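Visitor: Contents of entry_17.cif (mmCIF, C-alpha atoms) are given next:
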```
data_coords
#
loop_
_atom_site.label_atom_id
_atom_site.label_comp_id
_atom_site.auth_asym_id
_atom_site.auth_seq_id
_atom_site.Cartn_x
_atom_site.Cartn_y
_atom_site.Cartn_z
CA MET A 18 2.17 -7.57 18.88
CA LYS A 19 4.66 -5.92 21.15
CA LEU A 20 7.55 -4.37 19.22
CA GLU A 21 10.87 -5.14 20.87
CA ALA A 22 14.56 -4.63 20.24
CA GLY A 23 16.14 -7.56 18.46
CA GLN A 24 13.13 -8.47 16.38
CA VAL A 25 13.50 -8.71 12.59
CA ALA A 26 11.26 -6.91 10.10
CA VAL A 27 11.05 -7.06 6.32
CA VAL A 28 9.72 -3.99 4.52
CA THR A 29 9.04 -3.93 0.78
CA GLY A 30 8.91 -0.66 -1.11
CA ALA A 31 11.40 0.51 1.50
CA ALA A 32 13.49 2.93 -0.56
CA ASN A 33 11.07 5.84 -0.17
CA GLY A 34 7.66 6.93 1.08
CA ILE A 35 5.79 5.03 3.77
CA GLY A 36 8.10 2.02 3.49
CA ARG A 37 11.18 4.13 4.16
CA ALA A 38 9.49 5.83 7.11
CA VAL A 39 8.37 2.50 8.58
CA ALA A 40 11.92 1.20 8.28
CA GLN A 41 13.19 4.27 10.12
CA ALA A 42 10.60 3.91 12.88
CA LEU A 43 11.51 0.24 13.32
CA CYS A 44 15.22 1.05 13.51
CA ASP A 45 14.44 3.68 16.14
CA ARG A 46 13.00 0.81 18.19
CA GLU A 47 16.22 -1.21 17.68
CA ILE A 48 14.46 -3.67 15.41
CA ARG A 49 16.63 -5.14 12.66
CA VAL A 50 15.24 -4.36 9.22
CA VAL A 51 15.56 -5.92 5.78
CA LEU A 52 14.77 -3.23 3.24
CA ALA A 53 13.47 -4.52 -0.10
CA ASP A 54 12.85 -2.42 -3.18
CA ILE A 55 13.07 -2.78 -6.94
CA ASP A 56 15.44 0.23 -7.01
CA GLY A 57 18.68 -1.37 -5.86
CA ASP A 58 20.70 1.83 -5.59
CA ALA A 59 18.02 3.67 -3.64
CA VAL A 60 17.41 0.83 -1.19
CA ALA A 61 21.16 0.42 -0.62
CA ALA A 62 21.40 4.13 0.17
CA ALA A 63 18.46 3.88 2.56
CA ALA A 64 20.04 0.94 4.39
CA ASP A 65 23.33 2.82 4.68
CA GLU A 66 21.52 5.77 6.24
CA LEU A 67 19.67 3.59 8.73
CA GLY A 68 22.73 1.84 10.08
CA PRO A 69 24.39 -1.55 10.54
CA ASP A 70 21.34 -3.49 11.73
CA THR A 71 19.79 -3.29 8.28
CA LEU A 72 20.13 -5.23 5.05
CA ALA A 73 19.36 -3.94 1.56
CA ALA A 74 17.70 -6.54 -0.67
CA PRO A 75 16.88 -5.44 -4.23
CA THR A 76 13.61 -7.22 -5.00
CA ASP A 77 10.85 -7.09 -7.58
CA VAL A 78 7.86 -8.19 -5.51
CA ALA A 79 6.01 -9.21 -8.67
CA ASP A 80 8.46 -12.10 -9.07
CA PRO A 81 7.70 -14.92 -6.60
CA HIS A 82 11.22 -16.32 -6.95
CA GLN A 83 12.76 -12.99 -5.93
CA VAL A 84 10.42 -12.74 -2.94
CA GLN A 85 11.31 -16.27 -1.88
CA ARG A 86 14.96 -15.30 -2.17
CA LEU A 87 14.18 -12.31 0.06
CA ALA A 88 12.78 -14.66 2.71
CA ASP A 89 15.75 -17.01 2.42
CA THR A 90 18.21 -14.10 2.66
CA THR A 91 16.44 -12.73 5.73
CA LEU A 92 16.64 -16.03 7.57
CA GLU A 93 20.24 -16.64 6.53
CA ARG A 94 21.31 -13.22 7.79
CA PHE A 95 19.23 -12.88 10.95
CA GLY A 96 17.91 -16.37 11.72
CA ARG A 97 14.35 -15.19 12.26
CA VAL A 98 11.56 -12.98 10.97
CA ASP A 99 8.90 -11.33 13.11
CA LEU A 100 7.29 -8.59 11.05
CA VAL A 101 6.46 -8.51 7.34
CA PHE A 102 5.38 -5.26 5.70
CA ASN A 103 4.05 -5.94 2.20
CA ASN A 104 4.15 -2.27 1.27
CA ALA A 105 5.43 -2.01 -2.32
CA GLY A 106 2.93 -0.52 -4.75
CA MET A 107 2.37 1.58 -7.84
CA GLY A 108 -0.42 3.60 -9.43
CA VAL A 109 -2.14 3.74 -12.81
CA GLY A 110 -5.22 5.79 -13.65
CA GLY A 111 -7.51 6.94 -16.42
CA PRO A 112 -10.74 5.67 -18.01
CA ILE A 113 -10.92 1.90 -17.59
CA TRP A 114 -11.23 1.23 -21.31
CA LEU A 115 -8.18 3.35 -22.14
CA VAL A 116 -5.71 1.82 -19.66
CA GLU A 117 -3.34 -0.39 -21.63
CA PRO A 118 -3.35 -4.15 -20.88
CA GLU A 119 0.34 -4.09 -19.97
CA ASP A 120 -0.33 -1.34 -17.41
CA TRP A 121 -3.14 -3.38 -15.87
CA HIS A 122 -0.86 -6.41 -15.76
CA ARG A 123 2.13 -4.66 -14.18
CA LEU A 124 0.03 -2.88 -11.56
CA TRP A 125 -1.79 -6.08 -10.61
CA SER A 126 1.49 -7.98 -10.48
CA VAL A 127 2.96 -5.49 -8.01
CA ASN A 128 -0.01 -4.38 -5.92
CA VAL A 129 -1.80 -7.71 -5.59
CA GLN A 130 0.50 -10.55 -6.57
CA GLY A 131 3.32 -8.81 -4.71
CA VAL A 132 1.30 -9.09 -1.49
CA VAL A 133 0.44 -12.71 -2.27
CA ASN A 134 4.11 -13.47 -2.92
CA GLY A 135 5.07 -11.89 0.38
CA MET A 136 2.54 -13.91 2.33
CA ARG A 137 3.49 -17.15 0.57
CA ALA A 138 7.18 -16.62 1.32
CA PHE A 139 6.96 -15.46 4.92
CA VAL A 140 3.77 -16.66 6.61
CA PRO A 141 4.95 -20.30 6.87
CA HIS A 142 7.99 -19.09 8.85
CA LEU A 143 5.79 -17.02 11.17
CA ILE A 144 3.51 -20.02 11.75
CA ALA A 145 6.48 -22.29 12.44
CA ALA A 146 7.88 -19.78 14.96
CA GLY A 147 4.51 -19.16 16.57
CA ARG A 148 4.87 -15.41 16.50
CA GLY A 149 4.75 -12.41 14.20
CA HIS A 150 2.61 -9.91 12.36
CA VAL A 151 1.82 -9.28 8.68
CA VAL A 152 1.08 -5.73 7.51
CA ASN A 153 -0.33 -5.22 4.01
CA THR A 154 -0.57 -1.72 2.57
CA SER A 155 -3.85 -0.94 0.85
CA SER A 156 -5.37 2.56 0.66
CA LEU A 157 -8.58 4.41 1.43
CA ALA A 158 -9.07 3.74 -2.28
CA GLY A 159 -9.28 0.09 -1.22
CA VAL A 160 -12.44 0.67 0.81
CA THR A 161 -14.01 3.30 -1.45
CA ALA A 162 -14.32 3.56 -5.23
CA GLY A 163 -14.01 6.58 -7.49
CA PRO A 164 -13.75 7.28 -11.19
CA PHE A 165 -10.52 7.30 -13.21
CA ASN A 166 -8.65 5.37 -10.54
CA ALA A 167 -9.99 1.89 -11.22
CA PRO A 168 -6.74 -0.07 -11.66
CA TYR A 169 -5.27 1.24 -8.42
CA SER A 170 -8.53 1.11 -6.47
CA ALA A 171 -9.40 -2.42 -7.62
CA SER A 172 -5.95 -3.67 -6.67
CA LYS A 173 -6.19 -2.08 -3.24
CA HIS A 174 -9.64 -3.59 -2.68
CA ALA A 175 -7.97 -6.93 -3.36
CA VAL A 176 -5.35 -6.22 -0.70
CA VAL A 177 -8.10 -5.57 1.86
CA ALA A 178 -9.78 -8.85 0.96
CA LEU A 179 -6.50 -10.75 1.08
CA THR A 180 -5.75 -9.41 4.55
CA GLU A 181 -9.22 -10.18 5.85
CA ALA A 182 -8.90 -13.72 4.49
CA LEU A 183 -5.45 -14.08 6.00
CA ARG A 184 -6.78 -13.01 9.40
CA GLY A 185 -9.45 -15.71 9.23
CA GLU A 186 -6.97 -18.38 8.16
CA LEU A 187 -4.51 -17.43 10.91
CA ASP A 188 -7.36 -17.70 13.41
CA VAL A 189 -7.38 -21.41 12.52
CA PHE A 190 -3.68 -22.13 12.04
CA ALA A 191 -1.92 -19.63 14.32
CA PRO A 192 -4.15 -17.16 16.20
CA GLU A 193 -1.12 -15.67 17.92
CA ILE A 194 0.02 -14.14 14.61
CA GLY A 195 -1.47 -10.75 13.75
CA ALA A 196 -2.58 -9.20 10.47
CA THR A 197 -3.20 -5.55 9.66
CA VAL A 198 -4.29 -3.81 6.47
CA VAL A 199 -3.18 -0.20 6.15
CA CYS A 200 -5.57 2.16 4.35
CA PRO A 201 -3.71 5.46 4.11
CA GLY A 202 -5.28 8.71 3.07
CA PRO A 203 -3.04 11.35 1.47
CA VAL A 204 0.51 10.84 2.72
CA ASP A 205 3.46 12.79 1.33
CA THR A 206 4.88 10.09 -0.91
CA ARG A 207 6.30 9.98 -4.41
CA LEU A 208 3.18 8.15 -5.57
CA LEU A 209 0.88 10.89 -4.26
CA ARG A 210 3.03 13.66 -5.70
CA GLY A 211 3.03 11.91 -9.07
CA ALA A 212 -0.77 11.64 -8.99
CA THR A 213 -1.37 15.27 -8.04
CA GLU A 214 1.48 17.08 -9.79
CA GLY A 215 0.33 19.58 -12.37
CA ILE A 216 -3.39 19.26 -11.68
CA GLY A 217 -3.67 22.81 -10.37
CA THR A 218 -2.03 24.10 -13.53
CA LEU A 219 -4.24 21.89 -15.66
CA LEU A 220 -7.39 23.24 -14.04
CA GLY A 221 -6.40 26.78 -14.98
CA ALA A 222 -5.19 25.95 -18.49
CA PRO A 223 -7.15 26.51 -21.70
CA ALA A 224 -8.85 23.51 -23.28
CA GLU A 225 -6.31 23.28 -26.08
CA ALA A 226 -3.50 22.73 -23.55
CA ARG A 227 -5.01 19.44 -22.31
CA GLN A 228 -3.45 16.27 -23.64
CA GLY A 229 -4.49 12.66 -24.13
CA TRP A 230 -8.00 11.64 -23.14
CA LEU A 231 -8.42 14.89 -21.22
CA GLY A 232 -7.97 16.80 -24.45
CA ALA A 233 -10.83 14.87 -26.03
CA LEU A 234 -13.38 15.89 -23.40
CA THR A 235 -16.30 18.06 -24.40
CA PRO A 236 -16.89 21.27 -22.39
CA GLU A 237 -19.75 19.52 -20.61
CA GLN A 238 -17.61 16.51 -19.71
CA TRP A 239 -14.82 18.76 -18.44
CA GLU A 240 -17.29 20.65 -16.29
CA ARG A 241 -18.37 17.38 -14.68
CA LEU A 242 -14.78 16.25 -14.17
CA ALA A 243 -13.20 19.46 -12.87
CA PRO A 244 -14.60 19.36 -9.29
CA GLY A 245 -13.09 15.90 -8.78
CA LEU A 246 -9.74 17.09 -10.08
CA SER A 247 -9.87 19.99 -7.63
CA LEU A 248 -10.30 17.54 -4.76
CA VAL A 249 -7.31 15.52 -5.97
CA ALA A 250 -5.21 18.69 -6.15
CA GLN A 251 -6.13 19.49 -2.55
CA MET A 252 -4.81 16.13 -1.39
CA ALA A 253 -1.23 17.30 -1.89
CA ASP A 254 -1.85 20.24 0.43
CA GLU A 255 -3.29 17.96 3.12
CA ALA A 256 -0.66 15.22 2.83
CA MET A 257 0.59 13.76 6.11
CA PRO A 258 4.34 13.41 6.70
CA THR A 259 5.47 9.84 6.21
CA ALA A 260 7.02 9.69 9.68
CA ARG A 261 3.64 10.35 11.28
CA ALA A 262 2.01 7.72 9.07
CA ALA A 263 4.64 5.18 10.14
CA GLU A 264 3.94 5.78 13.82
CA ILE A 265 0.20 5.31 13.27
CA ILE A 266 0.87 2.02 11.48
CA LEU A 267 3.17 0.66 14.19
CA SER A 268 0.68 1.65 16.88
CA ALA A 269 -1.96 -0.41 15.06
CA VAL A 270 0.42 -3.37 14.96
CA GLU A 271 1.00 -3.14 18.69
CA ALA A 272 -2.77 -2.91 19.27
CA ASP A 273 -3.33 -5.88 16.91
CA ARG A 274 -5.90 -3.96 14.87
CA LEU A 275 -7.02 -5.46 11.57
CA TYR A 276 -7.68 -2.08 9.94
CA VAL A 277 -5.84 1.20 10.25
CA THR A 278 -5.95 4.51 8.37
CA THR A 279 -3.92 7.67 8.57
CA HIS A 280 -7.01 9.84 8.08
CA PRO A 281 -9.99 8.77 10.24
CA SER A 282 -11.94 11.87 9.20
CA TRP A 283 -12.07 10.54 5.63
CA THR A 284 -13.87 7.37 6.64
CA THR A 285 -17.29 8.94 6.12
CA ALA A 286 -16.81 7.99 2.47
CA VAL A 287 -16.42 4.38 3.60
CA SER A 288 -19.58 4.40 5.70
CA ASP A 289 -21.53 6.12 2.90
CA ARG A 290 -20.43 3.43 0.44
CA VAL A 291 -21.32 0.60 2.81
CA ALA A 292 -24.71 2.16 3.51
CA ARG A 293 -25.47 2.34 -0.20
CA ILE A 294 -24.41 -1.27 -0.74
CA VAL A 295 -26.61 -2.47 2.11
CA ALA A 296 -29.57 -0.35 1.06
CA ASP A 297 -29.45 -1.54 -2.57
CA MET A 298 -29.03 -5.18 -1.53
CA GLU A 299 -31.91 -4.99 0.93
CA ALA A 300 -34.06 -3.52 -1.84
CA SER A 301 -33.26 -6.41 -4.17
CA VAL A 302 -36.11 -8.62 -5.23
#
```
Spit out the file's structure as structure tokens when you get a sec.

Guide:
Amino acid sequence: MKLEAGQVAVVTGAANGIGRAVAQALCDREIRVVLADIDGDAVAAAADELGPDTLAAPTDVADPHQVQRLADTTLERFGRVDLVFNNAGMGVGGPIWLVEPEDWHRLWSVNVQGVVNGMRAFVPHLIAAGRGHVVNTSSLAGVTAGPFNAPYSASKHAVVALTEALRGELDVFAPEIGATVVCPGPVDTRLLRGATEGIGTLLGAPAEARQGWLGALTPEQWERLAPGLSLVAQMADEAMPTARAAEIILSAVEADRLYVTTHPSWTTAVSDRVARIVADMEASV
């Protein structure tokens, strides 16, 4: 889809991180932007910084009624919608059996149902107009799978599947409308910093300084876990600036690509996973 001045975009999770950078990049192209975020003060401040062709819309994407209100507000203010970035997300980690049910529920409500709510509220308007593009934010964790990240990874796998399904459905109903799933690697966001903060210190700390389930690990279990923690700690050092990530995403929209990542060099993990799936399935009897 060609990005042009005067178009209207909606970006969820727009108060910070990738969402904020995408909103900035769209404004730089003279596209009008509705910024949605659960943090009303932060999203209002972001809209003020970006200028008069923006609208702040405090929204909890987990609530379908609030997302429908977001769509109604967008159309009332601007009379159209062209681009929808279902970007809002959150993270939860730890051993699967220790993650609290309410944490599973909240993460799934935001990361998965939030995307569903966005598509339900906006896709009918795109189909009626015969134009537009939907961008759903997943993660490289949505096309790979690793330990102690199951809630986040499972939710992001769901976002990939939702986007693939949407692409197939739009091929029937409105092939002129695009769909893209974003699978970022490490990008310098609040979510990444929260996931990596303190790991370096933890790796160098004595066993008695560890807390929670980490404190219950045996020396042998810690030895098996530590290399993975070291890789997570390195992610912060390799994090891409959000502005660069936003440009990569918008380039994929203009090229009408279904998949896009910020870190192509990390996709070997994807091909290794697929190869193992295929090999095991072909060996099935």

Visitor: Once the PyMOL selection byres ((chain A and resi 39-41) around 12) is applied to the coordinates I shared, what remains selected? I want it as a ChimeraX atom specification.

Guide: /A:25-38,42-53,60,63-68,70-73,100-104,152,154,258-268,270

Visitor: What is the atom CA of A:Thr284 to atom CA of A:Ala196 distance in Å?

Guide: 20.4 Å

Visitor: Assuming the chain letters and numbering stay as they are in my file, what does the PyMOL selection byres ((chain A and resi 157) around 9) actually select? List them as an MDAnalysis selection string.

Guide: chainID A and resid 155:156 158:162 170 173 199:203 278 280 283:284 287

Visitor: Using all atoms listed in the file, which of A:Ala59, A:Val132, A:Ile144, A:Ala79 sits nearest A:Arg97?

Guide: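 Counting all atoms listed in the file, the residue closest to A:Arg97 is A:Ile144.
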
Visitor: Tell me which residues the PyMOL selection byres ((chain A and resi 138) around 7) grabs here, as a PDB file with C-alpha atoms, keeping the file's coordinate frame.

Guide:
```
ATOM      1  CA  VAL A  84      10.420 -12.740  -2.940  1.00  0.00           C
ATOM      2  CA  GLN A  85      11.310 -16.270  -1.880  1.00  0.00           C
ATOM      3  CA  ALA A  88      12.780 -14.660   2.710  1.00  0.00           C
ATOM      4  CA  ASN A 134       4.110 -13.470  -2.920  1.00  0.00           C
ATOM      5  CA  GLY A 135       5.070 -11.890   0.380  1.00  0.00           C
ATOM      6  CA  MET A 136       2.540 -13.910   2.330  1.00  0.00           C
ATOM      7  CA  ARG A 137       3.490 -17.150   0.570  1.00  0.00           C
ATOM      8  CA  PHE A 139       6.960 -15.460   4.920  1.00  0.00           C
ATOM      9  CA  VAL A 140       3.770 -16.660   6.610  1.00  0.00           C
TER      10      VAL A 140
END
```

Visitor: To one decimal place in Å, what is the distance between atom CA of A:Arg86 and atom CA of A:Thr206?

Guide: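 Computing it gives 27.3 Å between the two atoms.
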
Visitor: One number please: atom CA of A:Ala191 to atom CA of A:Gly147, in Å, one decimal.

Guide: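 Separation between atom CA of A:Ala191 and atom CA of A:Gly147: 6.8 Å.
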
Visitor: Between A:Thr180, A:Thr197, A:Gln24, A:Ser172, which residue has the minimum interatomic distance to A:Val277, considering only C-alpha atoms?

Guide: A:Thr197

Visitor: Please put the answer as lines of an AutoDock Vina configuration file: centre and edge lengths, in Å with one decimal, of a box along x, y and z that encloses all listed atoms of stretch 235-240 of chain A plus 3 Å on each side.

Guide:
```
center_x = -17.3
center_y = 18.9
center_z = -20.3
size_x = 10.9
size_y = 10.8
size_z = 14.1
```

Visitor: Which residue out of A:Leu187, A:Ala145, A:Val176, A:Val302 has the minimum interatomic distance to A:Asp99 when all atoms listed in the file are used?

Guide: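 Residue with the minimum atom-to-atom distance to A:Asp99: A:Ala145.
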
Visitor: Using all atoms listed in the file, which residues of stretch 73-190 of chain A come within 9 Å of stretch 229-246 of chain A, and what is the closest atom pair for each, with the distance in Å to one decimal? Give it as JSON lines, sorted by chain and residue number.

Guide:
```
{"residue": "A:Gly111", "atom": "CA", "partner": "A:Trp230", "partner_atom": "CA", "distance": 8.2}
{"residue": "A:Pro112", "atom": "CA", "partner": "A:Trp230", "partner_atom": "CA", "distance": 8.3}
{"residue": "A:Leu115", "atom": "CA", "partner": "A:Trp230", "partner_atom": "CA", "distance": 8.4}
{"residue": "A:Pro164", "atom": "CA", "partner": "A:Gly245", "partner_atom": "CA", "distance": 9.0}
```

Visitor: Would you mind exporting C-alpha atoms of the selected residues as a PDB file, keeping the file's coordinate frame?

Guide:
```pdb
ATOM      1  CA  GLY A 111      -7.510   6.940 -16.420  1.00  0.00           C
ATOM      2  CA  PRO A 112     -10.740   5.670 -18.010  1.00  0.00           C
ATOM      3  CA  LEU A 115      -8.180   3.350 -22.140  1.00  0.00           C
ATOM      4  CA  PRO A 164     -13.750   7.280 -11.190  1.00  0.00           C
TER       5      PRO A 164
END
```

Visitor: If you count only C-alpha atoms, which residues fall within 12 Å of A:Val116, apart from same-chain ones fewer than 3 positions away, as a PyMOL selection string?

Guide: chain A and resi 108-113+119-124+165-169+229-230

Visitor: Restricting the calculation to all atoms listed in the file: of A:Leu179, A:Ile294, A:Ala171, A:Leu220, which residue gets closest to A:Trp125?

Guide: A:Ala171

Visitor: Taking into account all atoms listed in the file, which residue in the set A:Ala300, A:Val177, A:Leu92, A:Ala286 is nearest to A:Leu143?

Guide: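 Ranking A:Ala300, A:Val177, A:Leu92, A:Ala286 by distance to A:Leu143, first place goes to A:Leu92.
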